[in-house]
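Note sheet for the following structure.
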2 protein chains.
Amino acid sequence: MDDKLIPNIVVGRLPLYLRTLQLMSQEGRRVTSSQELGERLGISAAQIRKDLSQFGEFGKQGTGYNIDFLTDQLRQILHVNKVWDVAVIGIGGVGHALARYQGFSERGFRIVLLFDNDPKKVGISVGGFVIQDLSGMVTQISSAGVQVAMLSVPKDQAQLVANLLVQAGVKSILNYAPINIAVPNGVRVQYIDPVLHLQRMTYYLE
Amino acid sequence: MDDKLIPNIVVGRLPLYLRTLQLMSQEGRRVTSSQELGERLGISAAQIRKDLSQFGEFGKQGTGYNIDFLTDQLRQILHVNKVWDVAVIGIGGVGHALARYQGFSERGFRIVLLFDNDPKKVGISVGGFVIQDLSGMVTQISSAGVQVAMLSVPKDQAQLVANLLVQAGVKSILNYAPINIAVPNGVRVQYIDPVLHLQRMTYYLE
């Protein structure tokens, strides 16, 4: 498979397929179909078959997909058949919730480094890890080889901290600050801003 | 303007434009262009012009967009020229962070109702509002006329609580539980699951 040929929008749907398959597996299910996946996700069965066919032959006509096999394949494709160490920067309300959340590890991520620039927070333990001062962040992330970070600092600090993360070798930033940040080629940013989702829905309300 | 003609994907970009314009306004800026908006957002200038042109004539060739005027127009289009009351259900880590977050009101939302089914949480005040028992949720949301809810309950309770929200008259659900939920026509759901974003980035990592 040649990664370069896969559209980003297709890649973006794979985690949804994986999540749904893992839920089915937890429900004790062994086989599913593109129809059933489509109904659960609100995506057409044809789209799902087309997306998956870009990565290989995972199902047989008439017998559907083996859930555990397809789960394994998707975990390999998305590189979450390993667990990625993650740094969280900014331990306010959101950062705190992220650091304490138990659901990351079974899906490929483990928060191992916490940073904040507030002296009142530095030294406190959250979710089993101690909040460290931002001043040591670049060195620590770099020496630990951490490539994934969640950024939950105030928006006026987001670009500055993102620059430091890039300097430290981080390649994937999940940005919770409600502002777009610029990163060099080879670094990816995804955004979480609940208001964008809310406004997208109030458009349809009177 | 006829709402039905606007593709959902275009509607989804409007909140991004609005957010960026509001930041520019806070920076003391008065005029911008589709080029500048595009650079900040990683969207082509042509796409932005095309999106906005579906709603009216907001800029003049050569002089660009008046930031405050376009902001007002987008707030009207997205119906956030008013403040929507919001209920949060499930006051764990995420729900707690949402209830305490100060940034919603300037963008059109105000959290006014908090619910949980944990007797140890009921009665506690978070962000100025008291957590109430889930048993009173339908009545309270219904009588307050709240149409927007954030759902941050465990995933095995998400569908059940969503059904109650629909019964209470909620039309827009922002679901933080990592599971797809089914709702009737006329009700919209948006999803926030950080792992989907992380996996979408680790695909590109070795």
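Residue names in the structure tokens use chain letters A, B, ... in the order shown, residue numbers from 1 in each chain, and ligand numbers from 1 in the order shown.
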
Handout entry: Contact residues around Gln35 (chain B) with only C-alpha atoms at 12 Å, ignoring same-chain residues under 5 positions, as a count of residues only
Key = 13

Taking only C-alpha atoms into account, what are the residues of chain A at most 7 Å from chain B, put as a PDB file with all heavy atoms, in the first residue's frame?
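Output file iface_1.pdb follows:
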```
ATOM      1  N   VAL A  11      -8.420   8.583   5.346  1.00  0.00           N
ATOM      2  CA  VAL A  11      -7.675   8.290   6.581  1.00  0.00           C
ATOM      3  C   VAL A  11      -8.499   8.717   7.796  1.00  0.00           C
ATOM      4  O   VAL A  11      -8.558   8.010   8.801  1.00  0.00           O
ATOM      5  CB  VAL A  11      -6.314   9.012   6.582  1.00  0.00           C
ATOM      6  CG1 VAL A  11      -5.609   8.831   7.920  1.00  0.00           C
ATOM      7  CG2 VAL A  11      -5.435   8.504   5.436  1.00  0.00           C
ATOM      8  N   GLY A  12      -9.168   9.846   7.671  1.00  0.00           N
ATOM      9  CA  GLY A  12      -9.956  10.374   8.786  1.00  0.00           C
ATOM     10  C   GLY A  12     -11.132   9.502   9.168  1.00  0.00           C
ATOM     11  O   GLY A  12     -11.613   9.566  10.305  1.00  0.00           O
ATOM     12  N   PRO A  15     -10.350   5.778  11.806  1.00  0.00           N
ATOM     13  CA  PRO A  15     -10.521   5.674  13.264  1.00  0.00           C
ATOM     14  C   PRO A  15     -11.971   5.439  13.684  1.00  0.00           C
ATOM     15  O   PRO A  15     -12.232   4.768  14.690  1.00  0.00           O
ATOM     16  CB  PRO A  15     -10.012   7.035  13.776  1.00  0.00           C
ATOM     17  CG  PRO A  15      -9.057   7.503  12.724  1.00  0.00           C
ATOM     18  CD  PRO A  15      -9.651   7.025  11.426  1.00  0.00           C
ATOM     19  N   LEU A  16     -12.920   5.972  12.910  1.00  0.00           N
ATOM     20  CA  LEU A  16     -14.341   5.714  13.197  1.00  0.00           C
ATOM     21  C   LEU A  16     -14.673   4.240  12.985  1.00  0.00           C
ATOM     22  O   LEU A  16     -15.398   3.637  13.782  1.00  0.00           O
ATOM     23  CB  LEU A  16     -15.215   6.531  12.249  1.00  0.00           C
ATOM     24  CG  LEU A  16     -15.684   7.894  12.704  1.00  0.00           C
ATOM     25  CD1 LEU A  16     -16.446   8.572  11.574  1.00  0.00           C
ATOM     26  CD2 LEU A  16     -16.590   7.764  13.928  1.00  0.00           C
ATOM     27  N   ARG A  40     -24.504   2.078  11.627  1.00  0.00           N
ATOM     28  CA  ARG A  40     -24.062   2.601  12.931  1.00  0.00           C
ATOM     29  C   ARG A  40     -23.429   3.978  12.792  1.00  0.00           C
ATOM     30  O   ARG A  40     -23.455   4.786  13.713  1.00  0.00           O
ATOM     31  CB  ARG A  40     -23.026   1.657  13.549  1.00  0.00           C
ATOM     32  CG  ARG A  40     -23.631   0.355  14.042  1.00  0.00           C
ATOM     33  CD  ARG A  40     -22.979  -0.031  15.357  1.00  0.00           C
ATOM     34  NE  ARG A  40     -23.311  -1.396  15.733  1.00  0.00           N
ATOM     35  CZ  ARG A  40     -22.948  -1.946  16.885  1.00  0.00           C
ATOM     36  NH1 ARG A  40     -22.234  -1.254  17.757  1.00  0.00           N
ATOM     37  NH2 ARG A  40     -23.286  -3.169  17.185  1.00  0.00           N
ATOM     38  N   LEU A  41     -22.796   4.236  11.657  1.00  0.00           N
ATOM     39  CA  LEU A  41     -21.989   5.450  11.506  1.00  0.00           C
ATOM     40  C   LEU A  41     -22.648   6.515  10.649  1.00  0.00           C
ATOM     41  O   LEU A  41     -22.139   7.643  10.569  1.00  0.00           O
ATOM     42  CB  LEU A  41     -20.624   5.088  10.890  1.00  0.00           C
ATOM     43  CG  LEU A  41     -19.696   4.303  11.811  1.00  0.00           C
ATOM     44  CD1 LEU A  41     -18.521   3.745  11.043  1.00  0.00           C
ATOM     45  CD2 LEU A  41     -19.219   5.208  12.939  1.00  0.00           C
ATOM     46  N   ILE A  77      -2.655  -0.254  10.324  1.00  0.00           N
ATOM     47  CA  ILE A  77      -2.658   0.828   9.326  1.00  0.00           C
ATOM     48  C   ILE A  77      -2.529   2.188  10.020  1.00  0.00           C
ATOM     49  O   ILE A  77      -1.785   3.066   9.575  1.00  0.00           O
ATOM     50  CB  ILE A  77      -3.958   0.765   8.478  1.00  0.00           C
ATOM     51  CG1 ILE A  77      -3.934  -0.481   7.585  1.00  0.00           C
ATOM     52  CG2 ILE A  77      -4.131   2.035   7.650  1.00  0.00           C
ATOM     53  CD1 ILE A  77      -5.284  -0.819   6.965  1.00  0.00           C
ATOM     54  N   LEU A  78      -3.257   2.336  11.128  1.00  0.00           N
ATOM     55  CA  LEU A  78      -3.241   3.622  11.858  1.00  0.00           C
ATOM     56  C   LEU A  78      -2.069   3.716  12.839  1.00  0.00           C
ATOM     57  O   LEU A  78      -1.920   4.734  13.524  1.00  0.00           O
ATOM     58  CB  LEU A  78      -4.568   3.808  12.606  1.00  0.00           C
ATOM     59  CG  LEU A  78      -5.794   4.007  11.712  1.00  0.00           C
ATOM     60  CD1 LEU A  78      -7.081   3.865  12.515  1.00  0.00           C
ATOM     61  CD2 LEU A  78      -5.738   5.383  11.042  1.00  0.00           C
ATOM     62  N   HIS A  79      -1.260   2.659  12.889  1.00  0.00           N
ATOM     63  CA  HIS A  79      -0.094   2.620  13.779  1.00  0.00           C
ATOM     64  C   HIS A  79      -0.470   2.703  15.255  1.00  0.00           C
ATOM     65  O   HIS A  79       0.264   3.273  16.057  1.00  0.00           O
ATOM     66  CB  HIS A  79       0.907   3.739  13.413  1.00  0.00           C
ATOM     67  CG  HIS A  79       1.392   3.658  12.001  1.00  0.00           C
ATOM     68  ND1 HIS A  79       1.610   4.768  11.215  1.00  0.00           N
ATOM     69  CD2 HIS A  79       1.670   2.591  11.210  1.00  0.00           C
ATOM     70  CE1 HIS A  79       2.005   4.385  10.013  1.00  0.00           C
ATOM     71  NE2 HIS A  79       2.048   3.076   9.974  1.00  0.00           N
ATOM     72  N   GLY A  93      -8.641  23.063  33.279  1.00  0.00           N
ATOM     73  CA  GLY A  93      -9.776  22.143  33.329  1.00  0.00           C
ATOM     74  C   GLY A  93      -9.666  21.029  32.303  1.00  0.00           C
ATOM     75  O   GLY A  93      -9.784  19.842  32.631  1.00  0.00           O
ATOM     76  N   VAL A  94      -9.420  21.398  31.051  1.00  0.00           N
ATOM     77  CA  VAL A  94      -9.355  20.398  29.988  1.00  0.00           C
ATOM     78  C   VAL A  94      -8.144  19.490  30.164  1.00  0.00           C
ATOM     79  O   VAL A  94      -8.250  18.263  30.085  1.00  0.00           O
ATOM     80  CB  VAL A  94      -9.315  21.081  28.597  1.00  0.00           C
ATOM     81  CG1 VAL A  94      -9.004  20.062  27.505  1.00  0.00           C
ATOM     82  CG2 VAL A  94     -10.635  21.778  28.318  1.00  0.00           C
ATOM     83  N   ALA A  97      -8.706  17.008  32.842  1.00  0.00           N
ATOM     84  CA  ALA A  97      -9.617  15.932  32.419  1.00  0.00           C
ATOM     85  C   ALA A  97      -8.888  14.946  31.516  1.00  0.00           C
ATOM     86  O   ALA A  97      -9.059  13.729  31.644  1.00  0.00           O
ATOM     87  CB  ALA A  97     -10.831  16.529  31.693  1.00  0.00           C
ATOM     88  N   SER A 172       2.814  15.468  16.013  1.00  0.00           N
ATOM     89  CA  SER A 172       1.351  15.455  15.998  1.00  0.00           C
ATOM     90  C   SER A 172       0.844  16.241  17.190  1.00  0.00           C
ATOM     91  O   SER A 172       1.130  15.883  18.331  1.00  0.00           O
ATOM     92  CB  SER A 172       0.820  14.021  16.102  1.00  0.00           C
ATOM     93  OG  SER A 172       1.320  13.216  15.056  1.00  0.00           O
ATOM     94  N   LEU A 174      -2.542  17.814  19.048  1.00  0.00           N
ATOM     95  CA  LEU A 174      -3.986  17.966  19.169  1.00  0.00           C
ATOM     96  C   LEU A 174      -4.234  19.251  19.953  1.00  0.00           C
ATOM     97  O   LEU A 174      -3.941  19.331  21.146  1.00  0.00           O
ATOM     98  CB  LEU A 174      -4.605  16.758  19.884  1.00  0.00           C
ATOM     99  CG  LEU A 174      -6.122  16.765  20.001  1.00  0.00           C
ATOM    100  CD1 LEU A 174      -6.795  16.881  18.633  1.00  0.00           C
ATOM    101  CD2 LEU A 174      -6.619  15.514  20.705  1.00  0.00           C
ATOM    102  N   ASN A 180      -6.164  28.804  15.380  1.00  0.00           N
ATOM    103  CA  ASN A 180      -5.355  28.027  14.436  1.00  0.00           C
ATOM    104  C   ASN A 180      -3.879  28.303  14.673  1.00  0.00           C
ATOM    105  O   ASN A 180      -3.489  29.437  14.914  1.00  0.00           O
ATOM    106  CB  ASN A 180      -5.731  28.378  13.001  1.00  0.00           C
ATOM    107  CG  ASN A 180      -6.995  27.654  12.551  1.00  0.00           C
ATOM    108  OD1 ASN A 180      -8.061  27.892  13.127  1.00  0.00           O
ATOM    109  ND2 ASN A 180      -6.873  26.765  11.597  1.00  0.00           N
ATOM    110  N   ARG A 188       1.740  17.685  12.025  1.00  0.00           N
ATOM    111  CA  ARG A 188       0.300  17.763  11.816  1.00  0.00           C
ATOM    112  C   ARG A 188      -0.402  18.318  13.049  1.00  0.00           C
ATOM    113  O   ARG A 188       0.030  18.064  14.161  1.00  0.00           O
ATOM    114  CB  ARG A 188      -0.276  16.370  11.503  1.00  0.00           C
ATOM    115  CG  ARG A 188       0.062  15.958  10.113  1.00  0.00           C
ATOM    116  CD  ARG A 188      -0.385  14.602   9.705  1.00  0.00           C
ATOM    117  NE  ARG A 188       0.118  14.404   8.359  1.00  0.00           N
ATOM    118  CZ  ARG A 188      -0.559  14.716   7.256  1.00  0.00           C
ATOM    119  NH1 ARG A 188      -1.798  15.171   7.343  1.00  0.00           N
ATOM    120  NH2 ARG A 188      -0.009  14.560   6.063  1.00  0.00           N
ATOM    121  N   GLN A 190      -4.382  18.752  14.696  1.00  0.00           N
ATOM    122  CA  GLN A 190      -5.826  18.566  14.666  1.00  0.00           C
ATOM    123  C   GLN A 190      -6.402  19.443  15.763  1.00  0.00           C
ATOM    124  O   GLN A 190      -5.712  19.783  16.723  1.00  0.00           O
ATOM    125  CB  GLN A 190      -6.190  17.097  14.894  1.00  0.00           C
ATOM    126  CG  GLN A 190      -5.815  16.175  13.743  1.00  0.00           C
ATOM    127  CD  GLN A 190      -6.952  16.033  12.741  1.00  0.00           C
ATOM    128  OE1 GLN A 190      -8.085  15.764  13.099  1.00  0.00           O
ATOM    129  NE2 GLN A 190      -6.638  16.238  11.469  1.00  0.00           N
ATOM    130  N   LEU A 196     -17.160  25.318  17.784  1.00  0.00           N
ATOM    131  CA  LEU A 196     -17.318  25.134  16.337  1.00  0.00           C
ATOM    132  C   LEU A 196     -18.441  24.129  16.052  1.00  0.00           C
ATOM    133  O   LEU A 196     -19.234  24.312  15.129  1.00  0.00           O
ATOM    134  CB  LEU A 196     -16.019  24.651  15.701  1.00  0.00           C
ATOM    135  CG  LEU A 196     -14.808  25.582  15.776  1.00  0.00           C
ATOM    136  CD1 LEU A 196     -13.630  24.968  15.009  1.00  0.00           C
ATOM    137  CD2 LEU A 196     -15.124  26.964  15.212  1.00  0.00           C
ATOM    138  N   HIS A 197     -18.493  23.074  16.853  1.00  0.00           N
ATOM    139  CA  HIS A 197     -19.535  22.058  16.662  1.00  0.00           C
ATOM    140  C   HIS A 197     -20.911  22.586  17.063  1.00  0.00           C
ATOM    141  O   HIS A 197     -21.908  22.297  16.421  1.00  0.00           O
ATOM    142  CB  HIS A 197     -19.209  20.812  17.482  1.00  0.00           C
ATOM    143  CG  HIS A 197     -17.957  20.117  17.047  1.00  0.00           C
ATOM    144  ND1 HIS A 197     -17.920  19.228  16.011  1.00  0.00           N
ATOM    145  CD2 HIS A 197     -16.681  20.211  17.494  1.00  0.00           C
ATOM    146  CE1 HIS A 197     -16.673  18.780  15.845  1.00  0.00           C
ATOM    147  NE2 HIS A 197     -15.913  19.362  16.736  1.00  0.00           N
ATOM    148  N   LEU A 198     -20.941  23.347  18.156  1.00  0.00           N
ATOM    149  CA  LEU A 198     -22.223  23.889  18.619  1.00  0.00           C
ATOM    150  C   LEU A 198     -22.801  24.867  17.595  1.00  0.00           C
ATOM    151  O   LEU A 198     -23.982  24.823  17.269  1.00  0.00           O
ATOM    152  CB  LEU A 198     -22.038  24.598  19.964  1.00  0.00           C
ATOM    153  CG  LEU A 198     -21.699  23.714  21.162  1.00  0.00           C
ATOM    154  CD1 LEU A 198     -21.315  24.570  22.369  1.00  0.00           C
ATOM    155  CD2 LEU A 198     -22.873  22.814  21.528  1.00  0.00           C
ATOM    156  N   GLN A 199     -21.940  25.745  17.074  1.00  0.00           N
ATOM    157  CA  GLN A 199     -22.417  26.749  16.117  1.00  0.00           C
ATOM    158  C   GLN A 199     -22.877  26.089  14.817  1.00  0.00           C
ATOM    159  O   GLN A 199     -23.780  26.585  14.143  1.00  0.00           O
ATOM    160  CB  GLN A 199     -21.311  27.765  15.830  1.00  0.00           C
ATOM    161  CG  GLN A 199     -21.010  28.660  17.029  1.00  0.00           C
ATOM    162  CD  GLN A 199     -19.935  29.688  16.749  1.00  0.00           C
ATOM    163  OE1 GLN A 199     -19.172  29.562  15.790  1.00  0.00           O
ATOM    164  NE2 GLN A 199     -19.853  30.704  17.599  1.00  0.00           N
ATOM    165  N   ARG A 200     -22.234  24.999  14.489  1.00  0.00           N
ATOM    166  CA  ARG A 200     -22.626  24.269  13.292  1.00  0.00           C
ATOM    167  C   ARG A 200     -24.035  23.698  13.449  1.00  0.00           C
ATOM    168  O   ARG A 200     -24.726  23.430  12.458  1.00  0.00           O
ATOM    169  CB  ARG A 200     -21.608  23.136  13.099  1.00  0.00           C
ATOM    170  CG  ARG A 200     -21.746  22.406  11.826  1.00  0.00           C
ATOM    171  CD  ARG A 200     -20.630  21.395  11.683  1.00  0.00           C
ATOM    172  NE  ARG A 200     -20.762  20.743  10.408  1.00  0.00           N
ATOM    173  CZ  ARG A 200     -19.782  20.122   9.776  1.00  0.00           C
ATOM    174  NH1 ARG A 200     -18.592  20.071  10.322  1.00  0.00           N
ATOM    175  NH2 ARG A 200     -19.969  19.560   8.613  1.00  0.00           N
ATOM    176  N   MET A 201     -24.457  23.477  14.691  1.00  0.00           N
ATOM    177  CA  MET A 201     -25.809  22.950  14.933  1.00  0.00           C
ATOM    178  C   MET A 201     -26.826  24.075  15.115  1.00  0.00           C
ATOM    179  O   MET A 201     -27.968  23.940  14.667  1.00  0.00           O
ATOM    180  CB  MET A 201     -25.794  22.016  16.134  1.00  0.00           C
ATOM    181  CG  MET A 201     -24.975  20.744  15.889  1.00  0.00           C
ATOM    182  SD  MET A 201     -25.161  19.463  17.172  1.00  0.00           S
ATOM    183  CE  MET A 201     -24.228  20.175  18.529  1.00  0.00           C
ATOM    184  N   THR A 202     -26.449  25.174  15.763  1.00  0.00           N
ATOM    185  CA  THR A 202     -27.435  26.254  15.969  1.00  0.00           C
ATOM    186  C   THR A 202     -27.824  26.907  14.648  1.00  0.00           C
ATOM    187  O   THR A 202     -28.894  27.509  14.550  1.00  0.00           O
ATOM    188  CB  THR A 202     -26.920  27.339  16.941  1.00  0.00           C
ATOM    189  OG1 THR A 202     -25.639  27.803  16.503  1.00  0.00           O
ATOM    190  CG2 THR A 202     -26.825  26.803  18.352  1.00  0.00           C
ATOM    191  N   TYR A 203     -26.985  26.778  13.640  1.00  0.00           N
ATOM    192  CA  TYR A 203     -27.369  27.240  12.300  1.00  0.00           C
ATOM    193  C   TYR A 203     -28.747  26.701  11.920  1.00  0.00           C
ATOM    194  O   TYR A 203     -29.531  27.380  11.281  1.00  0.00           O
ATOM    195  CB  TYR A 203     -26.326  26.782  11.279  1.00  0.00           C
ATOM    196  CG  TYR A 203     -26.729  27.012   9.838  1.00  0.00           C
ATOM    197  CD1 TYR A 203     -26.557  28.257   9.234  1.00  0.00           C
ATOM    198  CD2 TYR A 203     -27.281  25.984   9.077  1.00  0.00           C
ATOM    199  CE1 TYR A 203     -26.922  28.467   7.919  1.00  0.00           C
ATOM    200  CE2 TYR A 203     -27.649  26.187   7.759  1.00  0.00           C
ATOM    201  CZ  TYR A 203     -27.469  27.428   7.187  1.00  0.00           C
ATOM    202  OH  TYR A 203     -27.845  27.633   5.884  1.00  0.00           O
TER     203      TYR A 203
END
```

Practice task
Please identify which residues in chain B DSSP calls alpha helix (DSSP H) from the backbone, and express them as a PyMOL selection string.
Solution key: chain B and resi 8-26+34-41+45-53+67-77+93-100+137-144+155-167+194-202

Exercise for the section: List every residue of region 127-168 of chain B that DSSP, applied to the backbone of this structure, assigns to strand (DSSP E), and report them as a ChimeraX atom specification. Expected result: /B:129-133,148-151

Exercise for the section: Identify, on the basis of only C-alpha atoms, every residue whose closest approach to Gln132 (chain B) does not exceed 10 Å; exclude the query and any residue fewer than 4 positions from it along the same chain; express the result as JSON, numbers by chain. Expected result: {"B": [89, 113, 114, 115, 116, 117, 118, 119, 121, 122, 123, 124, 125, 136, 137, 140]}

Exercise for the section: Can you work out the spacing between CA of Asp68 (chain B) and CA of Glu27 (chain B) in Å, to one decimal? Expected result: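 CA of Glu27 (chain B) lies at a distance of 12.1 Å from CA of Asp68 (chain B).
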
If we count only C-alpha atoms and set the cut-off at 10 Å, which residues sit around Thr32 (chain A), ignoring sequence neighbours fewer than 4 positions away in its own chain? Please answer as a compact mmCIF listing (two decimals) with all heavy atoms, in the first residue's frame.
```
# COMPACT_ATOMS: atom_id res chain seq x y z
N LEU A 21 -15.73 -1.12 15.31
CA LEU A 21 -15.37 -2.54 15.35
C LEU A 21 -14.99 -2.97 16.76
O LEU A 21 -15.36 -4.06 17.22
CB LEU A 21 -14.21 -2.82 14.39
CG LEU A 21 -14.56 -2.72 12.90
CD1 LEU A 21 -13.29 -2.58 12.07
CD2 LEU A 21 -15.37 -3.92 12.45
N MET A 24 -18.08 -3.39 18.75
CA MET A 24 -18.75 -4.64 18.37
C MET A 24 -18.07 -5.84 19.02
O MET A 24 -18.73 -6.75 19.51
CB MET A 24 -18.75 -4.81 16.84
CG MET A 24 -19.69 -3.87 16.11
SD MET A 24 -19.47 -4.08 14.30
CE MET A 24 -20.84 -3.09 13.69
N SER A 25 -16.74 -5.80 19.01
CA SER A 25 -15.98 -6.89 19.61
C SER A 25 -16.31 -7.00 21.10
O SER A 25 -16.50 -8.09 21.64
CB SER A 25 -14.49 -6.66 19.39
OG SER A 25 -13.74 -7.67 20.00
N GLU A 36 -23.91 -2.94 8.02
CA GLU A 36 -24.11 -2.69 9.46
C GLU A 36 -23.21 -1.56 9.96
O GLU A 36 -23.66 -0.68 10.70
CB GLU A 36 -23.84 -3.97 10.27
CG GLU A 36 -24.26 -3.80 11.72
CD GLU A 36 -23.75 -4.91 12.64
OE1 GLU A 36 -22.70 -5.51 12.35
OE2 GLU A 36 -24.39 -5.13 13.67
N LEU A 37 -21.95 -1.58 9.54
CA LEU A 37 -21.05 -0.49 9.92
C LEU A 37 -21.64 0.85 9.46
O LEU A 37 -21.63 1.85 10.19
CB LEU A 37 -19.67 -0.69 9.28
CG LEU A 37 -18.70 -1.63 9.97
CD1 LEU A 37 -17.50 -1.92 9.06
CD2 LEU A 37 -18.21 -1.02 11.29
N GLY A 59 -12.60 -8.38 3.45
CA GLY A 59 -13.84 -9.14 3.62
C GLY A 59 -14.10 -10.00 2.39
O GLY A 59 -13.52 -9.77 1.34
N THR A 63 -19.81 -13.03 3.05
CA THR A 63 -19.54 -13.45 4.43
C THR A 63 -19.19 -12.27 5.34
O THR A 63 -19.12 -12.41 6.54
CB THR A 63 -18.39 -14.47 4.51
OG1 THR A 63 -17.21 -13.84 3.99
CG2 THR A 63 -18.70 -15.71 3.70
N GLY A 64 -18.95 -11.10 4.75
CA GLY A 64 -18.69 -9.91 5.56
C GLY A 64 -17.27 -9.86 6.09
O GLY A 64 -16.36 -10.54 5.60
N TYR A 65 -17.10 -9.02 7.11
CA TYR A 65 -15.78 -8.80 7.69
C TYR A 65 -15.65 -9.55 9.02
O TYR A 65 -16.54 -9.46 9.87
CB TYR A 65 -15.55 -7.32 7.97
CG TYR A 65 -15.59 -6.44 6.75
CD1 TYR A 65 -16.66 -5.57 6.53
CD2 TYR A 65 -14.54 -6.43 5.83
CE1 TYR A 65 -16.69 -4.74 5.41
CE2 TYR A 65 -14.58 -5.61 4.71
CZ TYR A 65 -15.65 -4.77 4.50
OH TYR A 65 -15.68 -3.97 3.40
N ASN A 66 -14.52 -10.22 9.21
CA ASN A 66 -14.20 -10.75 10.52
C ASN A 66 -13.76 -9.57 11.40
O ASN A 66 -12.80 -8.87 11.07
CB ASN A 66 -13.07 -11.79 10.40
CG ASN A 66 -12.64 -12.33 11.75
OD1 ASN A 66 -12.16 -11.59 12.61
ND2 ASN A 66 -12.83 -13.62 11.97
N ILE A 67 -14.49 -9.34 12.49
CA ILE A 67 -14.29 -8.12 13.29
C ILE A 67 -12.88 -8.05 13.87
O ILE A 67 -12.21 -7.01 13.77
CB ILE A 67 -15.37 -8.03 14.39
CG1 ILE A 67 -16.73 -7.72 13.74
CG2 ILE A 67 -15.01 -6.96 15.43
CD1 ILE A 67 -17.91 -7.79 14.70
N LEU A 70 -10.23 -7.46 11.03
CA LEU A 70 -10.26 -6.10 10.49
C LEU A 70 -9.77 -5.09 11.53
O LEU A 70 -9.08 -4.12 11.20
CB LEU A 70 -11.68 -5.75 10.00
CG LEU A 70 -11.85 -4.41 9.31
CD1 LEU A 70 -10.84 -4.22 8.18
CD2 LEU A 70 -13.27 -4.25 8.77
```

Practice task
Can you work out which one of A:Ile91, A:Val183, A:Ala158, A:Leu151 has the shortest atom-to-atom distance to Val130 (chain A), counting only C-alpha atoms?
Solution key: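 Checking each candidate against Val130 (chain A), we get A:Ile91 as the closest.
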